[in-house]
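Data from protein_30.cif: mmCIF, C-alpha atoms
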```
data_run
loop_
_atom_site.label_atom_id
_atom_site.label_comp_id
_atom_site.auth_asym_id
_atom_site.auth_seq_id
_atom_site.Cartn_x
_atom_site.Cartn_y
_atom_site.Cartn_z
CA MET L 9 84.01 73.69 132.93
CA ALA L 10 86.63 74.03 135.64
CA THR L 11 90.10 75.20 134.69
CA ASN L 12 93.41 75.28 136.54
CA THR L 13 94.21 78.99 136.87
CA LYS L 14 97.47 78.81 138.81
CA THR L 15 100.31 80.86 137.36
CA ARG L 16 102.78 78.76 135.42
CA LYS L 17 106.53 79.40 135.41
CA ALA L 18 106.52 79.13 131.67
CA ALA L 19 108.66 80.36 128.81
CA ARG L 20 107.42 83.72 127.54
CA TYR L 21 107.62 84.07 123.79
CA ALA L 22 104.26 84.77 122.18
CA VAL L 23 103.65 87.80 120.01
CA PRO L 24 100.95 90.26 121.03
CA VAL L 25 99.39 91.75 117.95
CA ALA L 26 97.84 95.22 118.29
CA VAL L 27 94.76 95.72 116.15
CA PHE L 28 93.65 99.22 115.11
CA GLY L 29 93.55 101.94 117.82
CA VAL L 30 89.91 102.82 117.22
CA ALA L 31 88.97 99.16 117.66
CA ALA L 32 91.09 98.90 120.81
CA ALA L 33 91.48 95.15 120.37
CA THR L 34 94.59 93.06 121.02
CA ILE L 35 95.29 89.44 120.18
CA ALA L 36 98.03 87.49 121.91
CA MET L 37 99.33 84.77 119.67
CA VAL L 38 102.21 82.33 119.54
CA PRO L 39 103.38 81.02 116.20
CA ALA L 40 102.60 77.43 115.18
CA PHE L 41 102.27 75.87 111.75
CA ALA L 42 101.27 73.11 109.35
CA ASN L 43 99.21 69.99 109.76
CA ALA L 44 101.11 67.00 108.39
CA GLY L 45 98.62 64.19 108.88
CA ASN L 46 96.47 62.97 111.75
CA PRO L 47 98.44 60.79 114.20
CA ASP L 48 96.69 57.98 116.05
CA LEU L 49 96.67 59.10 119.70
CA PRO L 50 94.87 57.81 122.80
CA LYS L 51 91.44 59.39 123.24
CA VAL L 52 91.20 62.27 125.71
CA THR L 53 88.31 64.40 126.90
CA ALA L 54 88.30 68.18 126.72
CA GLN L 55 88.70 68.35 130.50
CA GLN L 56 91.73 66.06 130.39
CA LEU L 57 93.30 68.15 127.65
CA ILE L 58 92.71 71.35 129.61
CA GLU L 59 94.35 69.76 132.63
CA LYS L 60 97.29 68.68 130.47
CA ILE L 61 97.84 72.27 129.34
CA ALA L 62 97.60 73.57 132.90
CA ALA L 63 100.03 70.94 134.22
CA SER L 64 102.72 71.68 131.62
CA ASP L 65 105.87 73.02 133.26
CA VAL L 66 108.06 73.46 130.19
CA GLN L 67 110.38 76.42 130.73
CA GLN L 68 113.04 75.94 128.04
CA LEU L 69 112.67 75.88 124.27
CA SER L 70 114.00 77.23 121.02
CA GLY L 71 112.76 77.08 117.47
CA SER L 72 111.29 78.77 114.42
CA ALA L 73 107.75 79.94 113.88
CA LYS L 74 105.41 81.73 111.51
CA ILE L 75 102.45 83.95 112.15
CA SER L 76 99.95 84.93 109.47
CA THR L 77 97.34 87.54 110.28
CA ASP L 78 94.48 88.51 107.99
CA LEU L 79 92.31 91.00 109.85
CA GLY L 80 90.99 92.58 106.68
CA LEU L 81 92.29 95.99 107.72
CA PRO L 82 91.85 98.87 105.27
CA THR L 83 95.00 100.16 103.58
CA LEU L 84 95.02 103.16 105.91
CA ALA L 85 95.21 100.93 108.98
CA GLY L 86 98.35 99.24 107.71
CA GLY L 87 99.96 102.63 107.32
CA LEU L 88 98.95 103.75 110.79
CA LEU L 89 100.41 100.58 112.23
CA GLY L 90 103.68 101.51 110.61
CA GLY L 91 103.87 98.47 108.35
CA ARG L 92 104.34 98.06 104.63
CA ALA L 93 102.09 96.25 102.22
CA GLY L 94 104.34 93.22 102.53
CA GLY L 95 104.11 93.23 106.29
CA GLY L 96 107.65 94.43 106.97
CA VAL L 97 108.55 95.28 110.55
CA THR L 98 112.09 96.64 110.38
CA GLY L 99 113.15 100.24 110.06
CA GLY L 100 112.33 103.43 111.93
CA SER L 101 112.25 102.44 115.58
CA ALA L 102 113.46 99.73 117.97
CA ASP L 103 110.62 100.39 120.44
CA PRO L 104 108.78 97.06 121.11
CA GLN L 105 105.45 98.88 121.24
CA ASP L 106 105.90 100.00 117.66
CA LYS L 107 107.05 96.59 116.41
CA VAL L 108 104.35 94.32 117.83
CA ALA L 109 101.66 96.51 116.26
CA GLN L 110 103.20 95.97 112.84
CA LEU L 111 102.67 92.21 113.16
CA ALA L 112 98.93 92.81 112.77
CA THR L 113 99.15 92.26 109.02
CA GLY L 114 100.82 89.81 106.68
CA THR L 115 103.01 86.76 107.31
CA HIS L 116 106.12 86.89 109.46
CA THR L 117 108.91 84.44 110.21
CA LEU L 118 110.31 84.35 113.72
CA ARG L 119 112.95 82.68 115.84
CA VAL L 120 112.14 82.14 119.50
CA ALA L 121 114.08 81.01 122.55
CA ALA L 122 113.20 80.84 126.24
CA ASP L 123 114.89 79.75 129.46
CA GLY L 124 112.45 80.35 132.28
CA PRO L 125 110.60 83.56 133.16
CA ASP L 126 113.68 85.81 133.10
CA ARG L 127 115.34 84.95 129.79
CA GLN L 128 113.60 85.07 126.42
CA LYS L 129 114.42 86.16 122.91
CA LEU L 130 112.25 86.77 119.86
CA THR L 131 113.63 87.68 116.44
CA VAL L 132 111.43 88.79 113.54
CA LEU L 133 113.05 88.18 110.14
CA ASP L 134 112.30 90.56 107.26
CA GLY L 135 114.44 89.62 104.28
CA LYS L 136 118.03 90.56 105.07
CA ASP L 137 116.85 92.74 107.97
CA GLU L 138 115.66 91.65 111.39
CA TYR L 139 114.24 92.93 114.64
CA SER L 140 115.15 91.25 117.93
CA LEU L 141 113.65 91.60 121.40
CA THR L 142 115.76 90.14 124.20
CA HIS L 143 114.90 89.85 127.90
CA ASN L 144 117.78 88.85 130.17
CA GLY L 145 117.22 89.37 133.90
CA LYS L 146 116.58 93.06 134.56
CA ASP L 147 117.37 94.17 131.00
CA VAL L 148 115.08 94.33 127.97
CA TRP L 149 116.76 95.09 124.64
CA GLY L 150 115.13 95.79 121.29
CA TYR L 151 117.30 96.06 118.17
CA ASP L 152 116.26 97.09 114.67
CA SER L 153 118.99 96.21 112.15
CA LYS L 154 117.69 98.42 109.36
CA SER L 155 117.74 101.64 111.36
CA ASN L 156 120.63 100.44 113.59
CA GLN L 157 118.63 101.59 116.60
CA VAL L 158 118.61 100.01 120.06
CA PHE L 159 115.88 100.25 122.69
CA HIS L 160 116.91 99.51 126.30
CA LYS L 161 114.87 99.30 129.45
CA THR L 162 115.96 98.23 132.93
CA ASP L 163 113.32 96.79 135.23
CA ASP L 164 113.73 94.80 138.44
CA ARG L 165 110.29 93.24 138.13
CA SER L 166 110.66 89.61 137.13
CA GLY L 167 109.38 87.95 133.95
CA THR L 168 106.04 89.10 132.63
CA GLY L 169 104.43 90.12 135.88
CA SER L 170 100.95 91.56 135.75
CA GLY L 171 102.22 94.87 137.09
CA ARG L 172 103.89 95.65 133.78
CA LYS L 173 102.25 97.61 131.02
CA ALA L 174 101.77 96.06 127.60
CA GLY L 175 104.92 96.69 125.62
CA GLU L 176 107.10 96.85 128.77
CA ARG L 177 107.01 93.09 129.27
CA MET L 178 108.09 90.25 127.05
CA PRO L 179 105.12 88.63 125.30
CA ALA L 180 103.05 86.01 127.08
CA SER L 181 103.61 82.28 126.69
CA PRO L 182 101.33 79.96 124.72
CA GLN L 183 100.48 78.28 128.02
CA GLU L 184 99.25 81.58 129.44
CA MET L 185 97.40 82.41 126.25
CA ALA L 186 95.62 79.06 126.20
CA GLN L 187 94.75 79.30 129.89
CA GLU L 188 93.35 82.80 129.43
CA ALA L 189 91.22 81.57 126.53
CA LEU L 190 89.94 78.70 128.67
CA LYS L 191 89.22 80.94 131.66
CA ALA L 192 87.22 83.20 129.37
CA ALA L 193 85.29 80.26 127.93
CA GLY L 194 82.66 79.79 130.62
CA PRO L 195 79.03 78.99 129.82
CA THR L 196 79.07 80.88 126.49
CA THR L 197 81.61 78.50 124.92
CA ASP L 198 81.43 74.94 123.64
CA VAL L 199 84.75 73.19 124.41
CA SER L 200 85.62 69.96 122.60
CA VAL L 201 88.51 67.90 121.23
CA GLY L 202 88.97 68.02 117.47
CA ASP L 203 91.09 65.95 115.10
CA THR L 204 94.66 65.12 116.00
CA ALA L 205 97.43 66.92 114.12
CA GLN L 206 101.15 67.19 113.59
CA VAL L 207 102.78 70.54 114.26
CA ALA L 208 106.51 71.03 113.68
CA GLY L 209 106.88 67.25 113.49
CA ARG L 210 105.25 66.65 116.87
CA ASP L 211 101.99 64.80 117.54
CA ALA L 212 99.27 67.03 118.93
CA TYR L 213 95.70 67.07 120.15
CA GLN L 214 93.46 69.95 119.13
CA LEU L 215 91.28 71.76 121.65
CA VAL L 216 88.40 73.56 119.94
CA LEU L 217 86.54 76.53 121.45
CA LYS L 218 83.32 77.60 119.72
CA PRO L 219 80.97 80.43 120.69
CA LYS L 220 77.49 79.25 121.67
CA GLN L 221 76.11 82.74 121.08
CA ALA L 222 75.10 84.05 117.67
CA GLY L 223 76.71 87.15 116.23
CA SER L 224 80.40 86.59 116.97
CA THR L 225 82.92 87.18 114.19
CA VAL L 226 84.89 84.23 115.61
CA GLY L 227 83.83 80.82 114.34
CA SER L 228 86.26 78.92 116.58
CA VAL L 229 89.63 79.03 118.26
CA GLN L 230 91.71 75.89 117.73
CA ILE L 231 94.70 75.18 119.97
CA ALA L 232 97.08 72.37 118.99
CA VAL L 233 98.55 70.86 122.17
CA ASP L 234 101.74 68.76 122.28
CA ALA L 235 100.65 65.22 123.10
CA LYS L 236 103.71 64.59 125.29
CA ASN L 237 104.32 67.75 127.28
CA GLY L 238 101.06 69.73 126.99
CA VAL L 239 102.63 72.83 125.40
CA PRO L 240 100.32 74.64 122.96
CA LEU L 241 102.07 74.48 119.58
CA ARG L 242 99.59 76.23 117.29
CA VAL L 243 96.75 78.70 117.63
CA GLN L 244 94.25 79.38 114.86
CA VAL L 245 91.41 81.89 115.02
CA LEU L 246 88.80 81.00 112.40
CA SER L 247 86.18 83.39 111.07
CA SER L 248 82.47 82.69 111.42
CA GLN L 249 82.21 83.79 107.79
CA GLY L 250 84.67 81.14 106.59
CA GLY L 251 87.75 81.71 104.47
CA LYS L 252 91.35 81.49 105.62
CA PRO L 253 92.10 81.89 109.34
CA ILE L 254 92.10 85.35 110.86
CA VAL L 255 95.24 84.29 112.69
CA ASP L 256 97.30 81.19 111.95
CA ALA L 257 100.26 81.06 114.30
CA GLY L 258 102.54 78.18 115.02
CA PHE L 259 105.91 76.52 115.26
CA THR L 260 107.65 75.20 112.17
CA LYS L 261 110.48 73.79 114.29
CA VAL L 262 110.77 73.41 118.05
CA ASP L 263 113.29 71.94 120.52
CA PHE L 264 112.61 71.70 124.25
CA ALA L 265 116.28 71.53 125.27
CA LYS L 266 117.82 74.37 127.32
CA PRO L 267 119.13 77.11 124.97
CA ALA L 268 122.76 78.16 125.25
CA ALA L 269 123.30 80.95 127.78
CA ASP L 270 124.82 83.29 125.19
CA THR L 271 121.53 83.19 123.26
CA PHE L 272 120.27 85.91 125.60
CA ALA L 273 123.41 88.05 125.66
CA PHE L 274 123.14 91.43 123.94
CA THR L 275 125.74 94.07 123.08
CA ALA L 276 124.73 97.15 121.16
CA PRO L 277 126.37 97.13 117.70
CA LYS L 278 129.02 99.75 117.01
CA GLY L 279 127.48 103.02 115.92
CA ALA L 280 123.94 102.09 116.96
CA LYS L 281 121.75 104.76 118.53
CA VAL L 282 120.70 103.60 122.00
CA ILE L 283 117.44 104.95 123.40
CA GLU L 284 116.70 104.42 127.07
CA GLY L 285 113.04 103.61 127.62
CA ALA L 286 112.70 105.17 131.07
CA ASP L 287 109.04 105.98 130.48
CA GLY L 288 108.20 102.61 128.96
CA HIS L 289 107.82 104.08 125.49
CA GLY L 290 111.44 103.99 124.37
CA ARG L 291 111.44 107.41 122.76
CA ASP L 292 114.01 110.12 123.34
CA GLY L 293 111.84 112.38 125.47
CA LYS L 294 109.50 113.17 122.59
CA ASP L 295 106.60 110.76 122.92
CA GLY L 296 104.68 110.54 119.66
CA LYS L 297 107.67 111.39 117.50
CA ASP L 298 107.40 108.22 115.47
CA GLY L 299 105.84 104.75 115.37
CA VAL L 300 102.25 103.67 115.86
CA HIS L 301 101.51 106.32 118.48
CA GLY L 302 103.15 109.11 116.53
CA LYS L 303 102.44 111.63 113.85
CA GLU L 304 99.94 109.44 111.99
CA TRP L 305 97.65 109.40 115.04
CA LYS L 306 98.05 113.15 115.50
CA GLY L 307 96.55 113.58 112.05
CA LEU L 308 93.42 111.79 113.19
CA GLU L 309 93.27 113.47 116.57
CA SER L 310 92.87 116.84 114.88
CA LEU L 311 89.30 115.85 114.02
CA PRO L 312 86.90 116.79 116.84
CA GLY L 313 84.91 113.57 116.56
CA LEU L 314 88.01 111.39 116.87
CA GLN L 315 89.78 113.14 119.72
CA GLY L 316 90.21 110.64 122.53
CA LEU L 317 89.69 107.63 120.29
CA THR L 318 93.19 107.42 118.88
CA GLY L 319 96.63 107.19 120.38
CA GLY L 320 95.54 104.62 122.96
CA ALA L 321 93.05 106.85 124.82
CA VAL L 322 90.74 103.93 125.46
CA GLY L 323 93.53 101.86 126.93
CA ALA L 324 94.60 104.82 129.06
CA GLY L 325 91.16 104.99 130.62
CA LYS L 326 90.02 108.27 129.03
CA GLY L 327 86.31 108.62 128.43
CA ASP L 328 83.49 106.55 129.88
CA VAL L 329 83.68 102.83 129.04
CA LYS L 330 81.23 100.08 129.92
CA VAL L 331 80.73 96.53 128.67
CA LEU L 332 77.40 95.45 127.21
CA GLY L 333 76.50 91.76 126.98
CA GLU L 334 78.74 88.86 127.92
CA GLY L 335 81.11 86.29 126.52
CA TRP L 336 81.74 86.29 122.78
CA ALA L 337 78.91 88.77 122.24
CA SER L 338 80.27 91.44 124.60
CA VAL L 339 80.59 94.97 123.22
CA ALA L 340 82.43 97.93 124.74
CA GLN L 341 80.49 101.19 124.78
CA ILE L 342 82.82 104.19 124.86
CA SER L 343 81.70 107.77 125.37
CA VAL L 344 84.07 110.16 123.63
CA PRO L 345 85.45 112.88 125.96
CA GLY L 346 83.71 116.17 125.22
CA GLY L 347 80.77 114.50 123.48
CA LYS L 348 82.18 115.19 120.02
CA GLY L 349 80.84 112.77 117.46
CA LEU L 350 81.10 111.62 113.88
CA LYS L 351 79.36 114.70 112.50
CA ASP L 352 82.03 116.91 114.02
CA ALA L 353 84.75 114.72 112.50
CA GLU L 354 83.13 114.75 109.07
CA SER L 355 82.73 118.52 109.17
CA ALA L 356 86.35 119.04 110.20
CA ALA L 357 87.59 116.69 107.46
CA LYS L 358 86.06 118.95 104.82
CA ASP L 359 88.39 121.75 105.83
CA LYS L 360 91.07 122.24 103.20
CA ASN L 361 93.70 122.27 105.95
CA ALA L 362 92.59 118.94 107.44
CA PRO L 363 95.40 116.34 107.49
CA LYS L 364 95.19 113.65 104.83
CA GLU L 365 95.25 110.88 107.48
CA ALA L 366 91.99 112.17 108.93
CA LYS L 367 90.30 112.25 105.54
CA GLN L 368 91.57 108.77 104.69
CA PHE L 369 90.27 107.40 107.96
CA LEU L 370 86.78 108.74 107.36
CA ASP L 371 86.90 107.32 103.83
CA SER L 372 87.61 103.88 105.34
CA LEU L 373 84.32 103.92 107.26
CA GLY L 374 81.27 102.17 105.83
CA ASP L 375 77.95 103.68 104.82
CA LYS L 376 75.62 105.30 107.33
CA VAL L 377 73.70 102.98 109.67
CA THR L 378 70.71 104.03 111.74
CA GLY L 379 68.75 102.65 114.66
CA SER L 380 67.39 103.49 118.09
CA PHE L 381 70.92 104.67 118.98
CA GLY L 382 70.73 107.36 116.29
CA SER L 383 73.07 107.19 113.31
CA GLY L 384 76.72 106.51 112.65
CA ARG L 385 79.20 104.62 110.51
CA ILE L 386 81.06 101.34 111.00
CA PHE L 387 84.79 100.67 110.82
CA SER L 388 85.04 97.00 109.89
CA THR L 389 87.66 94.23 110.04
CA ARG L 390 87.28 90.44 109.91
CA LEU L 391 87.62 90.28 113.68
CA VAL L 392 86.55 93.59 115.21
CA ASN L 393 83.81 96.00 114.20
CA ALA L 394 83.46 99.51 115.61
CA LEU L 395 80.36 101.70 115.30
CA ILE L 396 81.14 105.43 115.60
CA THR L 397 77.98 107.44 116.21
CA ASP L 398 77.09 111.01 115.35
CA ASP L 399 76.58 111.86 119.02
CA GLY L 400 80.00 110.83 120.31
CA LYS L 401 79.79 107.15 121.25
CA VAL L 402 81.75 104.17 120.00
CA TYR L 403 80.57 100.55 120.19
CA VAL L 404 83.32 98.02 119.55
CA GLY L 405 83.48 94.24 119.74
CA ALA L 406 84.36 90.98 117.99
CA VAL L 407 80.79 90.78 116.69
CA THR L 408 79.18 91.16 113.29
CA LYS L 409 77.91 94.50 112.05
CA ASP L 410 74.28 93.47 112.62
CA ALA L 411 75.02 92.30 116.15
CA LEU L 412 76.86 95.54 116.85
CA VAL L 413 73.89 97.64 115.73
CA ARG L 414 71.48 95.51 117.79
CA THR L 415 73.64 95.99 120.88
CA ALA L 416 73.83 99.75 120.31
CA ASP L 417 70.04 99.83 119.91
CA SER L 418 69.54 98.08 123.24
CA ALA L 419 72.09 100.20 125.14
CA LYS L 420 70.74 102.46 127.87
#
```
The structure given in the file should be rewritten as structure tokens.
Amino acid sequence: MATNTKTRKAARYAVPVAVFGVAAATIAMVPAFANAGNPDLPKVTAQQLIEKIAASDVQQLSGSAKISTDLGLPTLAGGLLGGRAGGGVTGGSADPQDKVAQLATGTHTLRVAADGPDRQKLTVLDGKDEYSLTHNGKDVWGYDSKSNQVFHKTDDRSGTGSGRKAGERMPASPQEMAQEALKAAGPTTDVSVGDTAQVAGRDAYQLVLKPKQAGSTVGSVQIAVDAKNGVPLRVQVLSSQGGKPIVDAGFTKVDFAKPAADTFAFTAPKGAKVIEGADGHGRDGKDGKDGVHGKEWKGLESLPGLQGLTGGAVGAGKGDVKVLGEGWASVAQISVPGGKGLKDAESAAKDKNAPKEAKQFLDSLGDKVTGSFGSGRIFSTRLVNALITDDGKVYVGAVTKDALVRTADSAK
């Protein structure tokens, strides 16, 4: 199915959600919410709805949103992501890279505003505390009210250009997210139009993407599209195993009028600690001091079998990575630098001086699995499964455990 892939000058306000480092999976989502009946709308085909999304040129909006994420992460993962059991995101650091990772669990309320590619603001509310991320021209500001810490980065690259690293740019728009999903659809995806819906009081069509291949953990992706202007209002990722959505993200209130200019103004509060993010990480010259890439990961990296897997090594291009299969059934095969495997990690974890994070991580792995690939153990979530082998390979994908083992068996 053909799709319109031209770059849209759209409002950027979605929330990227970092999944666990070992799984190396990221979901980009924009909040949407609540079906309130099925409006009677003119019939459209899937192709017409795709074209409507691609043709949308909405650049201004403001509103409220919610995002609920249920990845089924072990307790340890929530701690490594820096969050609390309740899904809190304030406190500790104003670095955007730390904050977006903490949205991987729980339910969060947000306020969003956008005025073209160079002005956006996202605020995450956490009780009486809040975290805001503001992009205004060349400046990106992050502010954490609980710690009274400010992150600042100056960049003359406009909007969310592809040259930026994740975490340096403001999150992608729902238009971009929907277009990326459609571009990735191809022959392995069934694309159809589902029931109509109401999202934030607006009539919407629903575009439904379903894997044709067996073995995916994703049952479908449903995108609610504003019937008038083509803006995606809600995104739901449903599990192939049923139950509540893996991700349910959408607007509760939305207005497409131009936000007031002072919405995007930022002045550091009196007494706040301001950290300049010259290196894109927003830390004061001591990368790894705190947050999702900090001391918690160092505890895991002390294990020989996990060195190179944590702290973003996969994303940084360390180790040998190749993709097996295609479409929804694709699996990344990663060779751990140095060839250290699960046995090395398990042996190191038995040492009385081993950090507790390393032991907890190994405890979160499932029972031994065997096959033509050898043997290993699986780290499992509702979306991503990762097989860590004894001989230093990792197989990771949004596929079921059985499909993951079959792919590892067939790997050459």
Given the PyMOL selection byres ((chain L and resi 262) around 8), the residues it picks as a ChimeraX atom specification
/L:69-72,208,259-261,263-264
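CA of Pro253 in chain L to CA of Gln341 in chain L spans 27.3 Å [interatomic distance, one decimal].
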Residues within 8 Å of Ile386 in chain L, only C-alpha atoms, excluding chain neighbours under 3 positions, as a PyMOL selection string
chain L and resi 373-377+393-396+409
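Put simply, the PyMOL selection byres ((chain L and resi 240-247) around 6) on this file hits Ala40, Pro182, Thr225, Val226, Gly227, Ser228, Val229, Gln230, Ile231, Ala232, Val233, Val239, Ser248, Gln249, Gly250, Pro253, Ile254, Val255, Asp256, Ala257 and Gly258 of chain L.
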Length of the CA of Thr117 in chain L to CA of Gly135 in chain L vector [Å]
9.6 Å
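Note that CA of Asp410 in chain L and CA of Thr197 in chain L are 20.7 Å apart.
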What are the centre and edge lengths in Å, to one decimal, of the axis-aligned box around all listed atoms of range 129-141 of chain L with 6 Å added on each side, as JSON?
```
{"center_x": 114.7, "center_y": 89.5, "center_z": 113.6, "size_x": 18.6, "size_y": 18.8, "size_z": 30.6}
```
